[in-house]
$ cat input01.tsv   # TSV, C-alpha atoms
chain	number	residue	atom	x	y	z
A	1093	MET	CA	88.70	103.73	85.33
A	1094	TYR	CA	87.44	102.90	81.88
A	1095	ALA	CA	85.11	105.55	80.49
A	1096	SER	CA	85.20	107.73	83.57
A	1097	ASP	CA	87.66	107.61	86.42
A	1098	GLU	CA	89.77	105.74	88.92
A	1099	MET	CA	88.59	103.55	91.75
A	1100	THR	CA	88.47	104.49	95.37
A	1101	ILE	CA	91.65	102.88	96.65
A	1102	ILE	CA	93.86	104.47	99.25
A	1103	ASP	CA	97.51	104.35	98.23
A	1104	THR	CA	99.84	106.58	100.20
A	1105	HIS	CA	103.30	105.29	99.31
A	1106	GLY	CA	105.26	108.46	99.61
A	1107	SER	CA	107.91	110.58	98.05
A	1108	ASP	CA	111.55	110.77	99.17
A	1109	ARG	CA	110.87	113.08	102.11
A	1110	PRO	CA	107.34	113.41	103.41
A	1111	PRO	CA	106.69	117.07	104.23
A	1112	THR	CA	105.82	118.09	107.75
A	1113	PRO	CA	102.25	119.33	108.32
A	1114	ARG	CA	103.48	122.96	108.13
A	1115	ASP	CA	104.76	122.27	104.60
A	1116	ILE	CA	101.26	121.35	103.39
A	1117	GLU	CA	98.50	123.68	102.24
A	1118	VAL	CA	95.01	122.15	102.11
A	1119	ARG	CA	92.12	123.80	100.30
A	1120	LEU	CA	89.18	123.16	98.01
A	1121	LEU	CA	90.12	122.33	94.44
A	1122	ARG	CA	89.77	124.79	91.58
A	1123	PRO	CA	89.65	124.17	87.82
A	1124	GLU	CA	93.03	125.87	87.45
A	1125	ASP	CA	94.57	123.06	89.54
A	1126	ILE	CA	94.06	120.64	86.67
A	1127	ASP	CA	97.68	120.42	85.49
A	1128	GLY	CA	98.86	119.35	88.93
A	1129	LEU	CA	95.94	116.97	89.33
A	1130	MET	CA	96.71	115.28	86.03
A	1131	ALA	CA	100.37	114.93	87.03
A	1132	LEU	CA	99.24	113.12	90.19
A	1133	GLU	CA	96.89	110.90	88.18
A	1134	GLU	CA	99.74	109.88	85.88
A	1135	VAL	CA	101.94	108.95	88.84
A	1136	LYS	CA	99.33	106.96	90.76
A	1137	TRP	CA	97.17	105.25	88.13
A	1138	THR	CA	97.36	103.39	84.86
A	1139	GLN	CA	95.97	105.04	81.76
A	1140	GLU	CA	92.91	102.82	82.07
A	1141	GLN	CA	92.28	103.82	85.69
A	1142	SER	CA	93.13	107.51	85.64
A	1143	GLY	CA	90.60	110.30	85.42
A	1144	SER	CA	90.44	112.42	82.29
A	1145	ARG	CA	91.27	116.12	82.28
A	1146	GLU	CA	87.69	116.97	81.31
A	1147	GLY	CA	86.25	114.57	83.88
A	1148	LEU	CA	88.20	116.04	86.79
A	1149	ILE	CA	87.27	119.60	85.83
A	1150	GLN	CA	83.62	118.54	85.61
A	1151	ARG	CA	83.76	117.07	89.13
A	1152	ILE	CA	85.18	120.31	90.50
A	1153	GLU	CA	82.65	122.51	88.72
A	1154	GLU	CA	79.65	120.35	89.63
A	1155	ASN	CA	80.52	120.12	93.34
A	1156	PRO	CA	82.96	122.94	94.14
A	1157	GLN	CA	82.60	122.44	97.91
A	1158	LEU	CA	83.17	118.69	97.87
A	1159	ASN	CA	86.66	118.20	96.41
A	1160	ALA	CA	89.92	119.04	98.13
A	1161	GLY	CA	93.64	119.01	97.49
A	1162	ALA	CA	96.79	119.01	99.60
A	1163	PHE	CA	99.69	120.92	98.09
A	1164	SER	CA	103.38	121.32	98.86
A	1165	VAL	CA	103.87	124.90	100.06
A	1166	THR	CA	107.43	124.81	98.72
A	1167	THR	CA	106.88	123.43	95.22
A	1168	GLY	CA	103.12	123.75	94.63
A	1169	GLU	CA	102.95	120.05	93.76
A	1170	VAL	CA	99.63	118.31	94.32
A	1171	LEU	CA	100.35	115.70	97.00
A	1172	THR	CA	96.81	114.41	97.50
A	1173	SER	CA	93.47	114.86	95.78
A	1174	LEU	CA	90.07	113.91	97.18
A	1175	PHE	CA	86.87	113.85	95.14
A	1176	THR	CA	83.40	113.24	96.58
A	1177	LYS	CA	79.81	113.85	95.52
A	1178	PRO	CA	76.34	113.78	97.07
A	1179	ILE	CA	74.50	110.47	96.90
A	1180	THR	CA	71.45	108.87	98.45
A	1181	ALA	CA	71.85	105.90	100.76
A	1182	GLU	CA	69.57	103.94	98.44
A	1183	LYS	CA	71.80	104.57	95.41
A	1184	ALA	CA	74.96	103.64	97.35
A	1185	LEU	CA	73.31	100.36	98.37
A	1186	THR	CA	71.68	99.39	95.07
A	1187	ALA	CA	74.24	100.59	92.50
A	1188	LEU	CA	75.85	97.71	90.67
A	1189	SER	CA	79.21	99.40	90.14
A	1190	TRP	CA	81.53	102.21	91.22
A	1191	ALA	CA	80.87	103.95	87.92
A	1192	GLU	CA	77.11	103.94	88.56
A	1193	CYS	CA	77.70	105.83	91.82
A	1194	ALA	CA	80.32	108.16	90.36
A	1195	ASP	CA	78.10	109.04	87.38
A	1196	ALA	CA	74.77	109.20	89.23
A	1197	ASP	CA	72.79	112.43	89.29
A	1198	SER	CA	73.19	114.26	92.58
A	1199	PRO	CA	70.19	114.23	94.93
A	1200	SER	CA	67.86	117.19	95.07
A	1201	PRO	CA	69.11	119.95	97.38
A	1202	ARG	CA	65.72	120.18	99.10
A	1203	PRO	CA	65.92	119.99	102.93
A	1204	SER	CA	64.49	116.47	103.07
A	1205	ALA	CA	67.13	115.10	100.66
A	1206	SER	CA	69.80	112.71	101.91
A	1207	ARG	CA	72.93	114.32	103.28
A	1208	SER	CA	75.30	111.53	102.27
A	1209	LEU	CA	78.52	111.58	100.28
A	1210	PHE	CA	80.13	109.03	97.98
A	1211	GLY	CA	83.92	108.90	97.99
A	1212	ILE	CA	84.87	108.88	94.32
A	1213	SER	CA	88.63	108.84	94.63
A	1214	LEU	CA	91.61	109.52	96.85
A	1215	SER	CA	94.99	109.80	95.11
A	1216	SER	CA	98.17	110.51	97.07
A	1217	ILE	CA	101.95	110.38	97.04
A	1218	ASP	CA	102.31	111.35	100.69
A	1219	GLY	CA	100.85	109.95	103.90
A	1220	ASP	CA	101.07	113.22	105.84
A	1221	ALA	CA	99.07	114.93	103.10
A	1222	VAL	CA	96.32	112.32	103.42
A	1223	THR	CA	96.03	113.06	107.14
A	1224	ALA	CA	96.05	116.81	106.49
A	1225	ILE	CA	93.35	116.63	103.83
A	1226	PHE	CA	90.98	114.70	106.08
A	1227	GLN	CA	91.64	117.05	109.00
A	1228	PHE	CA	90.46	119.86	106.72
A	1229	PHE	CA	87.75	118.12	104.72
A	1230	LEU	CA	85.72	116.18	107.27
A	1231	PRO	CA	84.84	119.16	109.53
A	1232	HIS	CA	84.17	121.15	106.35
A	1233	VAL	CA	81.55	118.76	104.98
A	1234	ARG	CA	80.03	118.25	108.43
A	1235	ALA	CA	79.49	122.02	108.58
A	1236	LEU	CA	77.75	121.77	105.20
A	1237	GLY	CA	75.26	119.32	106.72
A	1238	TYR	CA	76.60	115.98	105.49
A	1239	HIS	CA	76.54	113.20	108.05
A	1240	GLU	CA	77.83	110.02	106.39
A	1241	VAL	CA	80.22	108.80	103.69
A	1242	TYR	CA	79.93	105.72	101.47
A	1243	LEU	CA	82.88	104.06	99.74
A	1244	GLY	CA	83.52	101.13	97.47
A	1245	SER	CA	86.43	99.26	99.05
A	1246	PRO	CA	88.62	96.75	97.21
A	1247	LEU	CA	89.27	93.40	98.86
A	1248	PRO	CA	92.98	92.71	98.31
A	1249	GLY	CA	92.96	89.59	100.48
A	1250	LEU	CA	90.16	87.93	98.52
A	1251	HIS	CA	92.28	86.29	95.81
A	1252	ALA	CA	94.37	84.27	98.28
A	1253	TRP	CA	91.35	83.48	100.47
A	1254	LYS	CA	89.34	82.23	97.49
A	1255	ARG	CA	92.14	79.87	96.45
A	1256	ALA	CA	91.93	78.27	99.89
A	1257	ASN	CA	88.10	78.38	100.01
A	1258	PRO	CA	86.87	77.93	96.42
A	1259	GLU	CA	83.39	76.75	97.35
A	1260	VAL	CA	82.63	79.40	100.00
A	1261	PRO	CA	80.60	82.48	98.93
A	1262	VAL	CA	82.57	85.72	98.71
A	1263	GLY	CA	80.11	87.34	101.08
A	1264	ASP	CA	81.36	85.09	103.86
A	1265	TYR	CA	84.82	86.61	103.45
A	1266	VAL	CA	83.54	90.18	103.25
A	1267	TYR	CA	81.61	89.94	106.50
A	1268	ALA	CA	84.11	87.68	108.31
A	1269	LYS	CA	85.84	89.04	111.41
A	1270	ARG	CA	88.84	88.06	113.47
A	1271	ASN	CA	89.14	89.48	116.98
A	1272	GLY	CA	86.26	91.82	116.17
A	1273	LEU	CA	87.91	93.27	113.05
A	1274	PRO	CA	87.28	92.57	109.35
A	1275	LEU	CA	89.34	89.76	107.88
A	1276	ASP	CA	90.33	91.69	104.76
A	1277	PRO	CA	93.28	94.08	105.30
A	1278	GLN	CA	91.73	96.97	103.38
A	1279	LEU	CA	88.48	96.65	105.32
A	1280	ARG	CA	90.50	96.60	108.57
A	1281	TYR	CA	92.23	99.80	107.47
A	1282	TYR	CA	88.92	101.51	106.78
A	1283	HIS	CA	87.46	100.21	110.05
A	1284	GLY	CA	90.30	101.92	111.88
A	1285	LYS	CA	89.48	105.14	110.02
A	1286	GLY	CA	85.86	105.11	111.22
A	1287	PHE	CA	84.05	103.13	108.53
A	1288	GLN	CA	82.20	100.82	110.87
A	1289	SER	CA	79.50	99.40	108.58
A	1290	ILE	CA	79.77	96.99	105.65
A	1291	ILE	CA	76.48	97.38	103.81
A	1292	ALA	CA	76.93	95.29	100.65
A	1293	CYS	CA	79.18	92.92	98.74
A	1294	LYS	CA	79.30	93.68	95.00
A	1295	GLU	CA	80.57	91.56	92.12
A	1296	ASP	CA	82.14	93.34	89.09
A	1297	TYR	CA	82.12	96.62	91.02
A	1298	PHE	CA	85.43	97.84	89.56
A	1299	PRO	CA	88.47	96.17	87.98
A	1300	HIS	CA	90.89	95.06	90.70
A	1301	GLU	CA	92.83	91.85	90.22
A	1302	ARG	CA	93.45	90.84	93.84
A	1303	SER	CA	89.79	91.58	94.64
A	1304	LEU	CA	88.62	89.42	91.71
A	1305	ASP	CA	86.67	92.57	90.72
A	1306	TYR	CA	84.58	92.35	93.91
A	1307	ALA	CA	84.15	95.21	96.36
A	1308	ALA	CA	82.54	95.93	99.69
A	1309	VAL	CA	80.36	99.01	99.99
A	1310	ILE	CA	81.11	100.55	103.38
A	1311	ARG	CA	79.67	103.41	105.39
A	1312	GLY	CA	81.09	105.77	108.00
A	1313	ASP	CA	79.45	108.45	110.11
A	1314	ILE	CA	81.40	111.67	109.64
A	1315	ASP	CA	81.59	112.15	113.41
A	1316	ASP	CA	83.26	108.72	113.69
A	1317	LEU	CA	85.67	109.55	110.86
A	1318	ILE	CA	86.67	112.76	112.66
A	1319	LEU	CA	87.19	110.93	115.95
A	1320	ALA	CA	89.47	108.43	114.18
A	1321	LEU	CA	91.78	111.13	112.83
A	1322	PRO	CA	95.30	111.17	114.30
A	1323	ARG	CA	96.10	114.20	116.38
A	1324	ALA	CA	98.62	116.36	114.57
A	1325	ALA	CA	99.58	119.95	114.02
A	1326	ASP	CA	97.15	121.88	111.89
A	1327	PRO	CA	98.02	122.16	108.19
A	1328	VAL	CA	98.40	125.55	106.57
A	1329	HIS	CA	95.11	126.97	105.25
A	1330	PRO	CA	94.82	129.82	102.78
$ encode --input "input01.tsv" --output "C-alpha cells"
Amino acid sequence: MYASDEMTIIDTHGSDRPPTPRDIEVRLLRPEDIDGLMALEEVKWTQEQSGSREGLIQRIEENPQLNAGAFSVTTGEVLTSLFTKPITAEKALTALSWAECADADSPSPRPSASRSLFGISLSSIDGDAVTAIFQFFLPHVRALGYHEVYLGSPLPGLHAWKRANPEVPVGDYVYAKRNGLPLDPQLRYYHGKGFQSIIACKEDYFPHERSLDYAAVIRGDIDDLILALPRAADPVHP
C-alpha cells in the first residue's frame, strides 16, 4: 500500500486444487523466502498495494519470530504469508492509519511492555493454508507471551449502506449488530474467528473503495482466536 505495504484484508480465493493439510508445510519466514513471497504479492495485490522486496525482508529481519508462511510441500510455492509486529494497545487505538501502525517503532521489550500484536498483512491463494498457518502461529505467539491481536478491518458493506443512509454517521454502521453479530460481512467473518471487540472506527485508514477508505480497528484475545480455529489434521512442520 503506497509507500509501504498492503492492507490487512483476508482473501483466500484458491488455486485449482487446494492441498490437503499434509501437503502444507508451515514455518517462520526467512529472508531467503523473498522470491516466493514476492510472487504471492504479485498474484494477490495491485502494484500500489503490494509490499516491496526490501520492505518484506525488513519485516522478517526486525521480527523473525512474528512472521509465518505456508508452503506447498510438493512445489515449494508460498501459499500464504502472515506478517505481524509488536504494538501497544494505545498505538493501535490512536493511530490514524494502517501505515502508522505498520511503521510504528516496536514497544520496549521490558517485562512491563505491552504484549500485543498488530496484524500487518495476510496474503493467500489457498483457504487450507490459511487454516494451517493460524494453527501453527497462534500457539507460537502465545508461547512467546503475546495475549492479543489488533487488526484494521475493511468494511466492504459500507458503500451500499451509505447510499441507503447518507445522513447517518459511519460509526453507526460499524457498531451495528443484527442477531448479535456485526452488520458488516467482513466484521462478521472476523467475529467468527475470535475478534470480539471493535475498538475504533477510522476514516482514511487505508485505500479501499467499498469501505470508502474507512476501517474498523478490532481486537481479539489470542486464546479466543485459538478456540475459534477449525479442528483439522496437523500441518507438516519442519
$ residues_around --input "input01.tsv" --residues "A:Leu1247" --least-positions-apart "6" --cutoff "10 Å" --atoms "only C-alpha atoms" --output "ChimeraX atom specification"
/A:1265-1266,1275-1279,1300-1308
$ atom_distance --input "input01.tsv" --atom1 "atom CA of A:Ile1179" --atom2 "atom CA of A:Val1241"
9.0 Å
$ atom_distance --input "input01.tsv" --atom1 "atom CA of A:Asp1220" --atom2 "atom CA of A:Leu1321"
11.8 Å
$ closest_residue --input "input01.tsv" --among "A:Gly1272, A:Gly1284, A:Gly1244, A:Pro1258" --to "A:Leu1185" --atoms "only C-alpha atoms"
A:Gly1244
$ residues_near_point --input "input01.tsv" --point "(80.8, 121.7, 100.2)" --cutoff "12 Å" --atoms "all atoms listed in the file" --output "PyMOL selection string"
chain A and resi 1119-1121+1152-1160+1175-1178+1207-1209+1228-1238
$ write_last_selection --input "input01.tsv" --atoms "C-alpha atoms" --output "PDB file, in the frame of the given file"
ATOM      1  CA  ARG A1119      92.120 123.800 100.300  1.00  0.00           C
ATOM      2  CA  LEU A1120      89.180 123.160  98.010  1.00  0.00           C
ATOM      3  CA  LEU A1121      90.120 122.330  94.440  1.00  0.00           C
ATOM      4  CA  ILE A1152      85.180 120.310  90.500  1.00  0.00           C
ATOM      5  CA  GLU A1153      82.650 122.510  88.720  1.00  0.00           C
ATOM      6  CA  GLU A1154      79.650 120.350  89.630  1.00  0.00           C
ATOM      7  CA  ASN A1155      80.520 120.120  93.340  1.00  0.00           C
ATOM      8  CA  PRO A1156      82.960 122.940  94.140  1.00  0.00           C
ATOM      9  CA  GLN A1157      82.600 122.440  97.910  1.00  0.00           C
ATOM     10  CA  LEU A1158      83.170 118.690  97.870  1.00  0.00           C
ATOM     11  CA  ASN A1159      86.660 118.200  96.410  1.00  0.00           C
ATOM     12  CA  ALA A1160      89.920 119.040  98.130  1.00  0.00           C
ATOM     13  CA  PHE A1175      86.870 113.850  95.140  1.00  0.00           C
ATOM     14  CA  THR A1176      83.400 113.240  96.580  1.00  0.00           C
ATOM     15  CA  LYS A1177      79.810 113.850  95.520  1.00  0.00           C
ATOM     16  CA  PRO A1178      76.340 113.780  97.070  1.00  0.00           C
ATOM     17  CA  ARG A1207      72.930 114.320 103.280  1.00  0.00           C
ATOM     18  CA  SER A1208      75.300 111.530 102.270  1.00  0.00           C
ATOM     19  CA  LEU A1209      78.520 111.580 100.280  1.00  0.00           C
ATOM     20  CA  PHE A1228      90.460 119.860 106.720  1.00  0.00           C
ATOM     21  CA  PHE A1229      87.750 118.120 104.720  1.00  0.00           C
ATOM     22  CA  LEU A1230      85.720 116.180 107.270  1.00  0.00           C
ATOM     23  CA  PRO A1231      84.840 119.160 109.530  1.00  0.00           C
ATOM     24  CA  HIS A1232      84.170 121.150 106.350  1.00  0.00           C
ATOM     25  CA  VAL A1233      81.550 118.760 104.980  1.00  0.00           C
ATOM     26  CA  ARG A1234      80.030 118.250 108.430  1.00  0.00           C
ATOM     27  CA  ALA A1235      79.490 122.020 108.580  1.00  0.00           C
ATOM     28  CA  LEU A1236      77.750 121.770 105.200  1.00  0.00           C
ATOM     29  CA  GLY A1237      75.260 119.320 106.720  1.00  0.00           C
ATOM     30  CA  TYR A1238      76.600 115.980 105.490  1.00  0.00           C
TER      31      TYR A1238
END
$ atom_distance --input "input01.tsv" --atom1 "atom CA of A:Arg1151" --atom2 "atom CA of A:Pro1199"
15.0 Å
$ decode --input "input01.tsv" --residues "stretch 1246-1276 of chain A" --atoms "N, CA, C and O atoms" --output "mmCIF file, in the first residue's frame"
data_model
loop_
_atom_site.group_PDB
_atom_site.id
_atom_site.type_symbol
_atom_site.label_atom_id
_atom_site.label_comp_id
_atom_site.auth_asym_id
_atom_site.auth_seq_id
_atom_site.Cartn_x
_atom_site.Cartn_y
_atom_site.Cartn_z
ATOM 1 N N PRO A 1246 -11.274 -3.831 6.776
ATOM 2 C CA PRO A 1246 -12.101 -3.085 5.820
ATOM 3 C C PRO A 1246 -13.574 -3.291 6.122
ATOM 4 O O PRO A 1246 -13.948 -4.164 6.916
ATOM 5 N N LEU A 1247 -14.401 -2.502 5.478
ATOM 6 C CA LEU A 1247 -15.851 -2.529 5.701
ATOM 7 C C LEU A 1247 -16.548 -2.624 4.342
ATOM 8 O O LEU A 1247 -17.133 -1.654 3.854
ATOM 9 N N PRO A 1248 -16.488 -3.789 3.697
ATOM 10 C CA PRO A 1248 -16.964 -3.887 2.315
ATOM 11 C C PRO A 1248 -18.451 -3.633 2.123
ATOM 12 O O PRO A 1248 -18.892 -3.369 1.004
ATOM 13 N N GLY A 1249 -19.234 -3.690 3.195
ATOM 14 C CA GLY A 1249 -20.658 -3.392 3.071
ATOM 15 C C GLY A 1249 -20.996 -1.925 3.222
ATOM 16 O O GLY A 1249 -22.156 -1.525 3.037
ATOM 17 N N LEU A 1250 -19.986 -1.107 3.537
ATOM 18 C CA LEU A 1250 -20.267 0.298 3.865
ATOM 19 C C LEU A 1250 -20.777 1.085 2.663
ATOM 20 O O LEU A 1250 -21.691 1.915 2.805
ATOM 21 N N HIS A 1251 -20.211 0.865 1.489
ATOM 22 C CA HIS A 1251 -20.591 1.664 0.326
ATOM 23 C C HIS A 1251 -22.091 1.566 0.054
ATOM 24 O O HIS A 1251 -22.778 2.585 -0.111
ATOM 25 N N ALA A 1252 -22.622 0.348 0.030
ATOM 26 C CA ALA A 1252 -24.052 0.165 -0.232
ATOM 27 C C ALA A 1252 -24.885 0.725 0.915
ATOM 28 O O ALA A 1252 -25.929 1.354 0.691
ATOM 29 N N TRP A 1253 -24.429 0.509 2.152
ATOM 30 C CA TRP A 1253 -25.185 1.005 3.307
ATOM 31 C C TRP A 1253 -25.245 2.528 3.298
ATOM 32 O O TRP A 1253 -26.290 3.127 3.588
ATOM 33 N N LYS A 1254 -24.136 3.166 2.939
ATOM 34 C CA LYS A 1254 -24.091 4.629 2.955
ATOM 35 C C LYS A 1254 -24.994 5.226 1.885
ATOM 36 O O LYS A 1254 -25.592 6.294 2.096
ATOM 37 N N ARG A 1255 -25.136 4.551 0.755
ATOM 38 C CA ARG A 1255 -26.068 5.025 -0.270
ATOM 39 C C ARG A 1255 -27.497 5.056 0.266
ATOM 40 O O ARG A 1255 -28.273 5.953 -0.056
ATOM 41 N N ALA A 1256 -27.833 4.062 1.071
ATOM 42 C CA ALA A 1256 -29.183 3.998 1.632
ATOM 43 C C ALA A 1256 -29.339 4.868 2.876
ATOM 44 O O ALA A 1256 -30.467 5.193 3.259
ATOM 45 N N ASN A 1257 -28.222 5.246 3.504
ATOM 46 C CA ASN A 1257 -28.272 6.014 4.762
ATOM 47 C C ASN A 1257 -27.266 7.163 4.712
ATOM 48 O O ASN A 1257 -26.329 7.233 5.514
ATOM 49 N N PRO A 1258 -27.421 8.091 3.776
ATOM 50 C CA PRO A 1258 -26.386 9.116 3.557
ATOM 51 C C PRO A 1258 -26.167 10.046 4.725
ATOM 52 O O PRO A 1258 -25.069 10.612 4.864
ATOM 53 N N GLU A 1259 -27.155 10.224 5.577
ATOM 54 C CA GLU A 1259 -27.031 11.186 6.674
ATOM 55 C C GLU A 1259 -26.593 10.535 7.992
ATOM 56 O O GLU A 1259 -26.360 11.234 8.979
ATOM 57 N N VAL A 1260 -26.497 9.219 8.027
ATOM 58 C CA VAL A 1260 -26.180 8.517 9.272
ATOM 59 C C VAL A 1260 -24.666 8.375 9.412
ATOM 60 O O VAL A 1260 -23.981 8.015 8.447
ATOM 61 N N PRO A 1261 -24.102 8.659 10.586
ATOM 62 C CA PRO A 1261 -22.650 8.537 10.772
ATOM 63 C C PRO A 1261 -22.155 7.117 10.502
ATOM 64 O O PRO A 1261 -22.840 6.133 10.799
ATOM 65 N N VAL A 1262 -20.964 7.013 9.946
ATOM 66 C CA VAL A 1262 -20.384 5.712 9.631
ATOM 67 C C VAL A 1262 -20.242 4.858 10.887
ATOM 68 O O VAL A 1262 -20.401 3.633 10.847
ATOM 69 N N GLY A 1263 -19.953 5.499 12.010
ATOM 70 C CA GLY A 1263 -19.808 4.750 13.247
ATOM 71 C C GLY A 1263 -21.038 3.935 13.602
ATOM 72 O O GLY A 1263 -20.924 2.850 14.200
ATOM 73 N N ASP A 1264 -22.218 4.439 13.221
ATOM 74 C CA ASP A 1264 -23.431 3.675 13.495
ATOM 75 C C ASP A 1264 -23.412 2.347 12.762
ATOM 76 O O ASP A 1264 -23.872 1.320 13.278
ATOM 77 N N TYR A 1265 -22.895 2.346 11.536
ATOM 78 C CA TYR A 1265 -22.789 1.107 10.767
ATOM 79 C C TYR A 1265 -21.744 0.176 11.374
ATOM 80 O O TYR A 1265 -21.970 -1.035 11.504
ATOM 81 N N VAL A 1266 -20.606 0.724 11.749
ATOM 82 C CA VAL A 1266 -19.513 -0.095 12.272
ATOM 83 C C VAL A 1266 -19.940 -0.850 13.521
ATOM 84 O O VAL A 1266 -19.620 -2.033 13.692
ATOM 85 N N TYR A 1267 -20.660 -0.201 14.384
ATOM 86 C CA TYR A 1267 -21.042 -0.820 15.654
ATOM 87 C C TYR A 1267 -22.416 -1.500 15.602
ATOM 88 O O TYR A 1267 -22.827 -2.118 16.587
ATOM 89 N N ALA A 1268 -23.088 -1.415 14.461
ATOM 90 C CA ALA A 1268 -24.423 -2.018 14.348
ATOM 91 C C ALA A 1268 -24.333 -3.540 14.375
ATOM 92 O O ALA A 1268 -23.374 -4.139 13.885
ATOM 93 N N LYS A 1269 -25.367 -4.164 14.958
ATOM 94 C CA LYS A 1269 -25.437 -5.624 15.013
ATOM 95 C C LYS A 1269 -26.804 -6.097 14.565
ATOM 96 O O LYS A 1269 -27.813 -5.397 14.702
ATOM 97 N N ARG A 1270 -26.810 -7.301 14.022
ATOM 98 C CA ARG A 1270 -28.051 -7.982 13.665
ATOM 99 C C ARG A 1270 -27.969 -9.388 14.230
ATOM 100 O O ARG A 1270 -27.024 -10.114 13.940
ATOM 101 N N ASN A 1271 -28.919 -9.757 15.058
ATOM 102 C CA ASN A 1271 -28.902 -11.060 15.723
ATOM 103 C C ASN A 1271 -27.607 -11.277 16.499
ATOM 104 O O ASN A 1271 -27.055 -12.387 16.536
ATOM 105 N N GLY A 1272 -27.094 -10.199 17.095
ATOM 106 C CA GLY A 1272 -25.912 -10.295 17.930
ATOM 107 C C GLY A 1272 -24.594 -10.281 17.188
ATOM 108 O O GLY A 1272 -23.532 -10.377 17.817
ATOM 109 N N LEU A 1273 -24.635 -10.158 15.856
ATOM 110 C CA LEU A 1273 -23.421 -10.183 15.050
ATOM 111 C C LEU A 1273 -23.255 -8.859 14.310
ATOM 112 O O LEU A 1273 -24.237 -8.183 13.994
ATOM 113 N N PRO A 1274 -22.009 -8.470 13.995
ATOM 114 C CA PRO A 1274 -21.804 -7.221 13.263
ATOM 115 C C PRO A 1274 -22.548 -7.214 11.937
ATOM 116 O O PRO A 1274 -22.683 -8.239 11.262
ATOM 117 N N LEU A 1275 -23.001 -6.033 11.540
ATOM 118 C CA LEU A 1275 -23.736 -5.885 10.294
ATOM 119 C C LEU A 1275 -22.832 -6.080 9.078
ATOM 120 O O LEU A 1275 -23.234 -6.690 8.084
ATOM 121 N N ASP A 1276 -21.609 -5.586 9.153
ATOM 122 C CA ASP A 1276 -20.702 -5.681 8.011
ATOM 123 C C ASP A 1276 -20.207 -7.112 7.832
ATOM 124 O O ASP A 1276 -19.826 -7.775 8.800
#
